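Beneath this line is the structure, given in structure tokens, with notes to follow.
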Amino acid sequence: MIIGSTSGLGRALALNILDLPSKPTVLVCGRRQERLDELVSSYGADGRLKAINLDVNAGPATLKSAIHDIVKNHPDVCSAILYWHANEFDLSTPARCSYVFKRGPV
């Protein structure tokens, strides 16, 4: 799962991970739905690229709910890469999701 993957380094990383020989499923997350749609239509023909609309600035309660839904709908998520402010997420189970928000550069 790559949060902030609709442009720049996050997008490049998502596409590079998608090209790995192991053929992982990649969850691309971002707030710009049109960019998510473009990613999936351009690179998601085999079904391994999944788009999730996620705005990390929506507030803690909304973000907590969104992360809970992601974990519930994608239980095989094993890591999250964030191209946003420094954050730490424990995504091992919905019950253990923890959220630490820090402002500033990574």
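Chain labels follow the order of the structure tokens: the first chain is A, the next B, and so on; residue numbering restarts at 1 in every chain, and ligands are counted from 1 in their shown order.
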- prompt: Counting only C-alpha atoms, what is within 10 Å of A:Ala14, bar same-chain residues fewer than 2 positions away, as number ranges by chain?
  reply: A: 1-7, 9-12, 16-19, 25-29, 39, 49, 81
task: Give me, please, the distance in Å between atom CA of A:Asp46 and atom CA of A:Val71, quoted to one decimal.
output: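 Going from atom CA of A:Asp46 over to atom CA of A:Val71 covers 21.9 Å.
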message: Which residue is closest to A:Val77? Choose from A:Gly44, A:Pro21, A:Leu15, A:Lys50 and count only C-alpha atoms.
response: A:Lys50
- prompt: From the set A:Cys78, A:Ala51, A:Val56, A:His68, which residue has the shortest atom-to-atom contact distance to A:Arg35, counting only C-alpha atoms?
  reply: A:Ala51
query: Using only C-alpha atoms, which of A:Ile52, A:Ala58, A:Asp37, A:Leu20 sits nearest A:Asn73?
result: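 For A:Asn73, the nearest of the candidates is A:Ile52.
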statement: Separating atom CA of A:Gly8 from atom CA of A:Ser79, to the nearest tenth of an Å, is a gap of 19.7 Å
